[in-house]
Amino acid sequence: MTHILIAGGGIGGLATAVSLARNGHRVTVLERRDTFAEIGAGIQLGPNAFHALDRLGVGEGVREQAVFTDELCFMDGTTGEKVAGMELTRDYRDRFGNPYAVVHRGDLYQPLLTACQGLDAVELVPDASVERYEQSATGVTAHTTDGRAFHGAALIGADGIRSTVRAQMLGDGEPRVSGHTIYRSVIPIEKVPEELRWNTVTLWAGPKWHFVHYIIGGGRYLNLAVTRDNGATVPVAGREAERSHVLGQFPGIGATARRLLELGEGWREWVLCDRDPVPGWTEGRVALLGDAAHPMLQYAAQGACQALEDAVVLGEVTETAREDELVQRLEKYNALRRERAGRTQLIARRMGSELYHPAGERAKERNAMLSALSQRDMYEKVSWLHGDRAFTDSGTGGER
């Protein structure tokens with residue numbers, strides 16, 4: 001049984017711990033925070049995420065708190081008209097083998113944490129922020145900021161978009177600041193008028209902004225996320241935002257969307273960041289995973305989904321691997337995943353500029369294009385992403 005270290009105890013890190021442990025490894029998860037918990041708001045899970053969760057053995061636990069949405073609705077945010085909708089009920093589920101759902105991030109995190117806690121092969125270590133690593137021909141040592149050293153046969157950097165493991169491996173500087181600011185709020189469903197409690201993921205697209213909302217927490221909350229292309233240049237993460245400031249960012253928003261936006265309270269803001277795809281996520285016995293490997297904007301709703309895919313593939317390609325085989329197995333994981341995750345990064349970026357934020361004639365052209373699509377057309381467009389069960393299809397026939 002080989003011993004593998006994981007830097008980062010978020011969704012990707014815990015999913016990787018479960019995957020590696022169930023494929024024959026002993027795992028130590030080093031988490032920088034003083035507790036294992038997930039903060040944040042709503043998250044969307046495509047069928048590919050559920051395929052991954054089922055292979056990790058936690059799919060049913062996530063389903064218990066998930067809200068299975070009926071439709072992805074694309075609305076014109078200024079006129080209030082419905083442009084297009086992708087139905088997510090029987091035909092969609094039959095085609096892709098699993099539902100599309102929305103959950104609170106904590107309701108995804110907790111089943112993964114419970115699974116880790118139930119595995120003797122997984123050790124969870126809080127207050128252990130990895131600042132650097134050293135490796136030799138036979139192993140890796142992860143050094144934490146408080147002076148401790150942890151030894152293993154390999155190290156997986158699952159420590160997020162500002163990964164210290166990536167910084168040492170690739171040295172590619174700070175993430176790219178997108179210039180987009182997102183404001184998030186989660187409110188009790190009791191505060192939402194009955195006529196606005198839609199079982200859909202609804203997106204209102206306006207000029208240089210868009211607004212997404214959906215029900216989470218098993219139906220107990222409404223998640224609100226509104227994004228402004230405001231040219232922000234400085235990263236911000238979770239800063240409190242005044243309600244009046246948020247409402248003032250969207251003067252042209254339509255009446256129904258405005259009603260929903262005005263329900264928000266306790267707003268927090270983030271400036272969105274990502275990185276360009278890179279071909280290499282490994283260095284000897286060290287590999288990157290999730291946002292540390294391929295951070296992406298939220299616009300394709302695939303960040304967590306791709307991290308879960310990474311975890312499954314990594315666990316399966318390292319199954320039965322001896323310590324002297326790990327370098328080759330990590331390189332195989334990288335080769336299997338880089339094209340798919342890299343294409344998803346670029347598509348997420350393009351969706352913001354080409355679908356969600358156009359104005360004037362470009363917005364009219366977008367509306368005409370989307371409204372002309374049949375349900376079958378829409379399913380075809382997402383098939384490579386939502387329908388792949390090997391988690392290796394880049395949807396480009398080998399070209400990106």
# chains A, B, ... in the order shown; residues from 1 in each chain; ligands from 1
>>> residues_around(residues="A:Arg33", least_positions_apart="5", cutoff="8 Å", atoms="only C-alpha atoms", output="ChimeraX atom specification")
/A:126-129
>>> closest_atom_pairs(of="stretch 257-313 of chain A", to="stretch 324-330 of chain A", cutoff="7 Å", atoms="only C-alpha atoms", output="CSV")
residue,atom,partner,partner_atom,distance
A:Thr282,CA,A:Leu330,CA,6.8
A:Gly284,CA,A:Val327,CA,5.4
A:Arg285,CA,A:Val327,CA,5.3
A:Ala287,CA,A:Leu330,CA,6.6
>>> residues_around(residues="stretch 219-228 of chain A", least_positions_apart="5", cutoff="8 Å", atoms="only C-alpha atoms", output="list in words")
Ala41, Gly42, Val67, His180, Thr181, Ile182, Tyr183, Arg184, Ser185, Val186, Ile187, Pro188, Ile189, Glu190, Val192, Lys208, Trp209, His210, Phe211, Val212, His213, Tyr214, Gln249, Leu261 and Gly264 of chain A
>>> write_last_selection(atoms="C-alpha atoms", output="PDB file, in the first residue's frame")
ATOM      1  CA  ALA A  41     -23.080  29.054  -2.113  1.00  0.00           C
ATOM      2  CA  GLY A  42     -24.705  27.075  -4.911  1.00  0.00           C
ATOM      3  CA  VAL A  67     -32.475  19.806  -6.409  1.00  0.00           C
ATOM      4  CA  HIS A 180     -15.599  40.256 -14.032  1.00  0.00           C
ATOM      5  CA  THR A 181     -17.023  40.701 -10.532  1.00  0.00           C
ATOM      6  CA  ILE A 182     -19.592  38.252  -9.188  1.00  0.00           C
ATOM      7  CA  TYR A 183     -21.958  39.061  -6.303  1.00  0.00           C
ATOM      8  CA  ARG A 184     -23.523  36.138  -4.443  1.00  0.00           C
ATOM      9  CA  SER A 185     -26.390  35.806  -1.989  1.00  0.00           C
ATOM     10  CA  VAL A 186     -28.281  32.840  -0.534  1.00  0.00           C
ATOM     11  CA  ILE A 187     -31.702  33.523   0.982  1.00  0.00           C
ATOM     12  CA  PRO A 188     -34.352  31.342   2.660  1.00  0.00           C
ATOM     13  CA  ILE A 189     -36.993  30.168   0.220  1.00  0.00           C
ATOM     14  CA  GLU A 190     -39.706  31.579   2.522  1.00  0.00           C
ATOM     15  CA  VAL A 192     -39.242  34.227  -2.244  1.00  0.00           C
ATOM     16  CA  LYS A 208     -21.811  43.259 -19.900  1.00  0.00           C
ATOM     17  CA  TRP A 209     -23.674  41.435 -17.137  1.00  0.00           C
ATOM     18  CA  HIS A 210     -25.684  38.321 -16.378  1.00  0.00           C
ATOM     19  CA  PHE A 211     -27.749  37.012 -13.462  1.00  0.00           C
ATOM     20  CA  VAL A 212     -28.218  33.353 -12.483  1.00  0.00           C
ATOM     21  CA  HIS A 213     -30.557  31.951  -9.851  1.00  0.00           C
ATOM     22  CA  TYR A 214     -31.742  28.531  -8.728  1.00  0.00           C
ATOM     23  CA  GLN A 249     -24.769  47.855 -10.908  1.00  0.00           C
ATOM     24  CA  LEU A 261     -32.298  40.603  -7.519  1.00  0.00           C
ATOM     25  CA  GLY A 264     -30.806  39.343  -2.112  1.00  0.00           C
TER      26      GLY A 264
END
>>> closest_atom_pairs(of="stretch 214-295 of chain A", to="stretch 9-18 of chain A", cutoff="9 Å", atoms="only C-alpha atoms", output="CSV")
residue,atom,partner,partner_atom,distance
A:Leu289,CA,A:Gly12,CA,7.2
A:Gly290,CA,A:Gly12,CA,5.9
A:Asp291,CA,A:Gly12,CA,8.2
>>> residues_around(residues="A:Ala341", least_positions_apart="4", cutoff="7 Å", atoms="only C-alpha atoms", output="list in words")
His294, Gln306, Arg337 and Gln345 of chain A
>>> residues_around(residues="A:Lys82", least_positions_apart="6", cutoff="10 Å", atoms="only C-alpha atoms", output="number ranges by chain")
A: 73-76, 202-204, 367, 371
>>> residues_around(residues="A:Ala167", least_positions_apart="5", cutoff="10 Å", atoms="only C-alpha atoms", output="list in words")
Glu131, Arg132, Arg162, Asp172, Gly173, Glu174 and Ala292 of chain A
>>> residues_around(residues="stretch 96-101 of chain A", least_positions_apart="3", cutoff="12 Å", atoms="only C-alpha atoms", output="PDB file with C-alpha atoms, in the first residue's frame")
ATOM      1  CA  GLY A  42     -24.705  27.075  -4.911  1.00  0.00           C
ATOM      2  CA  ILE A  43     -23.033  24.803  -7.406  1.00  0.00           C
ATOM      3  CA  GLN A  44     -24.306  23.086 -10.542  1.00  0.00           C
ATOM      4  CA  LEU A  45     -23.631  19.395 -11.189  1.00  0.00           C
ATOM      5  CA  GLY A  46     -23.974  17.902 -14.662  1.00  0.00           C
ATOM      6  CA  PRO A  47     -24.436  14.185 -15.340  1.00  0.00           C
ATOM      7  CA  ASN A  48     -20.669  13.805 -15.655  1.00  0.00           C
ATOM      8  CA  ALA A  49     -20.331  14.907 -12.020  1.00  0.00           C
ATOM      9  CA  PHE A  50     -22.835  12.269 -10.916  1.00  0.00           C
ATOM     10  CA  HIS A  51     -21.030   9.612 -12.950  1.00  0.00           C
ATOM     11  CA  ALA A  52     -17.890  10.552 -11.017  1.00  0.00           C
ATOM     12  CA  LEU A  53     -19.651  10.708  -7.647  1.00  0.00           C
ATOM     13  CA  ASP A  54     -21.187   7.278  -8.226  1.00  0.00           C
ATOM     14  CA  GLY A  59     -23.548   9.707  -5.373  1.00  0.00           C
ATOM     15  CA  GLU A  60     -26.556   8.830  -3.273  1.00  0.00           C
ATOM     16  CA  VAL A  62     -25.212  14.031  -2.753  1.00  0.00           C
ATOM     17  CA  ARG A  63     -28.549  13.223  -4.358  1.00  0.00           C
ATOM     18  CA  GLU A  64     -30.298  13.386  -0.967  1.00  0.00           C
ATOM     19  CA  GLN A  65     -29.877  17.184  -0.789  1.00  0.00           C
ATOM     20  CA  ALA A  66     -29.773  17.950  -4.509  1.00  0.00           C
ATOM     21  CA  VAL A  67     -32.475  19.806  -6.409  1.00  0.00           C
ATOM     22  CA  PHE A  68     -33.056  18.158  -9.773  1.00  0.00           C
ATOM     23  CA  THR A  69     -33.834  20.970 -12.148  1.00  0.00           C
ATOM     24  CA  ASP A  70     -36.291  20.748 -15.024  1.00  0.00           C
ATOM     25  CA  GLU A  71     -34.646  23.196 -17.408  1.00  0.00           C
ATOM     26  CA  LEU A  72     -31.739  25.511 -18.124  1.00  0.00           C
ATOM     27  CA  MET A  86     -32.680  23.110 -22.552  1.00  0.00           C
ATOM     28  CA  GLU A  87     -35.009  20.579 -20.967  1.00  0.00           C
ATOM     29  CA  LEU A  88     -33.376  18.427 -18.294  1.00  0.00           C
ATOM     30  CA  THR A  89     -36.104  15.866 -17.664  1.00  0.00           C
ATOM     31  CA  ARG A  90     -36.687  12.424 -19.172  1.00  0.00           C
ATOM     32  CA  ASP A  91     -35.027  12.716 -22.597  1.00  0.00           C
ATOM     33  CA  TYR A  92     -31.978  14.467 -21.180  1.00  0.00           C
ATOM     34  CA  ARG A  93     -31.567  11.960 -18.347  1.00  0.00           C
ATOM     35  CA  HIS A 104     -25.211  23.954  -1.856  1.00  0.00           C
ATOM     36  CA  ASP A 107     -24.108  19.410   0.495  1.00  0.00           C
ATOM     37  CA  LEU A 108     -21.522  18.197  -2.007  1.00  0.00           C
ATOM     38  CA  ASN A 199     -37.416  24.667 -10.622  1.00  0.00           C
ATOM     39  CA  THR A 200     -34.964  25.864 -13.233  1.00  0.00           C
ATOM     40  CA  VAL A 201     -31.465  27.241 -13.515  1.00  0.00           C
ATOM     41  CA  TYR A 214     -31.742  28.531  -8.728  1.00  0.00           C
ATOM     42  CA  ILE A 215     -33.083  26.706  -5.675  1.00  0.00           C
ATOM     43  CA  ILE A 216     -30.631  24.739  -3.504  1.00  0.00           C
ATOM     44  CA  GLY A 217     -30.449  23.010  -0.112  1.00  0.00           C
ATOM     45  CA  GLY A 218     -33.140  20.462  -0.875  1.00  0.00           C
ATOM     46  CA  GLY A 219     -35.532  23.322  -1.682  1.00  0.00           C
ATOM     47  CA  ALA A 301     -20.615  25.314 -14.537  1.00  0.00           C
ATOM     48  CA  GLN A 302     -17.862  22.708 -14.697  1.00  0.00           C
ATOM     49  CA  CYS A 305     -17.312  18.605 -12.134  1.00  0.00           C
ATOM     50  CA  TYR A 379     -27.988  17.985 -26.387  1.00  0.00           C
ATOM     51  CA  GLU A 380     -25.489  17.481 -29.201  1.00  0.00           C
ATOM     52  CA  VAL A 382     -23.117  19.439 -24.594  1.00  0.00           C
ATOM     53  CA  SER A 383     -22.811  15.730 -25.276  1.00  0.00           C
ATOM     54  CA  TRP A 384     -18.999  15.618 -25.103  1.00  0.00           C
ATOM     55  CA  LEU A 385     -19.087  17.373 -21.742  1.00  0.00           C
ATOM     56  CA  HIS A 386     -22.173  15.992 -20.003  1.00  0.00           C
ATOM     57  CA  GLY A 387     -22.197  12.525 -21.526  1.00  0.00           C
ATOM     58  CA  ASP A 388     -18.598  11.311 -21.319  1.00  0.00           C
ATOM     59  CA  ARG A 389     -18.062   8.568 -18.737  1.00  0.00           C
TER      60      ARG A 389
END
>>> select_by_dssp(residues="stretch 193-278 of chain A", states="helix (DSSP H, G or I)", output="ChimeraX atom specification")
/A:194-196,217-219,243-248,255-262
>>> write_last_selection(atoms="N, CA and C atoms", output="compact mmCIF listing (two decimals), in the first residue's frame")
# COMPACT_ATOMS: atom_id res chain seq x y z
N GLU A 194 -44.10 32.88 -4.16
CA GLU A 194 -44.40 31.59 -4.78
C GLU A 194 -44.21 31.61 -6.28
N GLU A 195 -44.62 32.69 -6.92
CA GLU A 195 -44.58 32.74 -8.38
C GLU A 195 -43.15 32.84 -8.93
N LEU A 196 -42.17 33.06 -8.05
CA LEU A 196 -40.77 33.15 -8.49
C LEU A 196 -39.94 31.93 -8.08
N GLY A 217 -30.20 23.44 -1.49
CA GLY A 217 -30.45 23.01 -0.11
C GLY A 217 -31.69 22.17 0.03
N GLY A 218 -31.94 21.29 -0.95
CA GLY A 218 -33.14 20.46 -0.88
C GLY A 218 -34.42 21.26 -0.95
N GLY A 219 -34.35 22.47 -1.54
CA GLY A 219 -35.53 23.32 -1.68
C GLY A 219 -35.65 24.39 -0.61
N ARG A 243 -25.83 46.12 -0.26
CA ARG A 243 -26.98 45.80 -1.12
C ARG A 243 -27.23 46.92 -2.13
N SER A 244 -27.12 48.15 -1.70
CA SER A 244 -27.36 49.28 -2.60
C SER A 244 -26.35 49.31 -3.74
N HIS A 245 -25.12 48.92 -3.43
CA HIS A 245 -24.09 48.88 -4.46
C HIS A 245 -24.43 47.81 -5.51
N VAL A 246 -24.83 46.63 -5.04
CA VAL A 246 -25.16 45.55 -5.98
C VAL A 246 -26.32 45.97 -6.87
N LEU A 247 -27.38 46.47 -6.28
CA LEU A 247 -28.56 46.85 -7.07
C LEU A 247 -28.23 47.97 -8.06
N GLY A 248 -27.31 48.82 -7.72
CA GLY A 248 -26.96 49.93 -8.59
C GLY A 248 -26.11 49.55 -9.78
N ALA A 255 -37.94 43.78 -15.36
CA ALA A 255 -38.75 43.86 -14.14
C ALA A 255 -38.71 42.58 -13.31
N THR A 256 -38.87 41.42 -13.93
CA THR A 256 -38.90 40.17 -13.17
C THR A 256 -37.53 39.87 -12.57
N ALA A 257 -36.50 40.04 -13.38
CA ALA A 257 -35.14 39.83 -12.87
C ALA A 257 -34.84 40.81 -11.74
N ARG A 258 -35.31 42.04 -11.86
CA ARG A 258 -35.11 43.03 -10.80
C ARG A 258 -35.77 42.59 -9.50
N ARG A 259 -36.98 42.04 -9.58
CA ARG A 259 -37.67 41.55 -8.38
C ARG A 259 -36.82 40.49 -7.67
N LEU A 260 -36.27 39.57 -8.46
CA LEU A 260 -35.44 38.52 -7.88
C LEU A 260 -34.16 39.09 -7.29
N LEU A 261 -33.54 40.00 -8.00
CA LEU A 261 -32.30 40.60 -7.52
C LEU A 261 -32.51 41.34 -6.20
N GLU A 262 -33.64 42.00 -6.08
CA GLU A 262 -33.92 42.78 -4.87
C GLU A 262 -34.18 41.90 -3.65
>>> closest_residue(among="A:Glu354, A:Glu38, A:Gly395, A:Val122", to="A:Met369", atoms="only C-alpha atoms")
A:Glu354
>>> atom_distance(atom1="atom CA of A:Val271", atom2="atom CA of A:His357")
16.0 Å
>>> atom_distance(atom1="atom CA of A:Ala154", atom2="atom CA of A:Leu113")
21.5 Å
>>> select_by_dssp(residues="stretch 149-398 of chain A", states="strand (DSSP E or B)", output="JSON, numbers by chain")
{"A": [149, 150, 151, 152, 154, 155, 156, 157, 176, 177, 178, 179, 180, 181, 182, 183, 184, 185, 186, 187, 188, 200, 201, 202, 203, 204, 205, 206, 209, 210, 211, 212, 213, 214, 215, 216, 221, 222, 223, 224, 225, 226, 227, 228, 229, 237, 238, 239, 240, 268, 269, 270, 271, 272, 273, 274, 282, 283, 286, 287, 288]}
>>> atom_distance(atom1="atom CA of A:Leu314", atom2="atom CA of A:Leu30")
18.0 Å
>>> closest_residue(among="A:Asp229, A:Thr114, A:Gly206, A:Arg275", to="A:Pro175", atoms="only C-alpha atoms")
A:Arg275
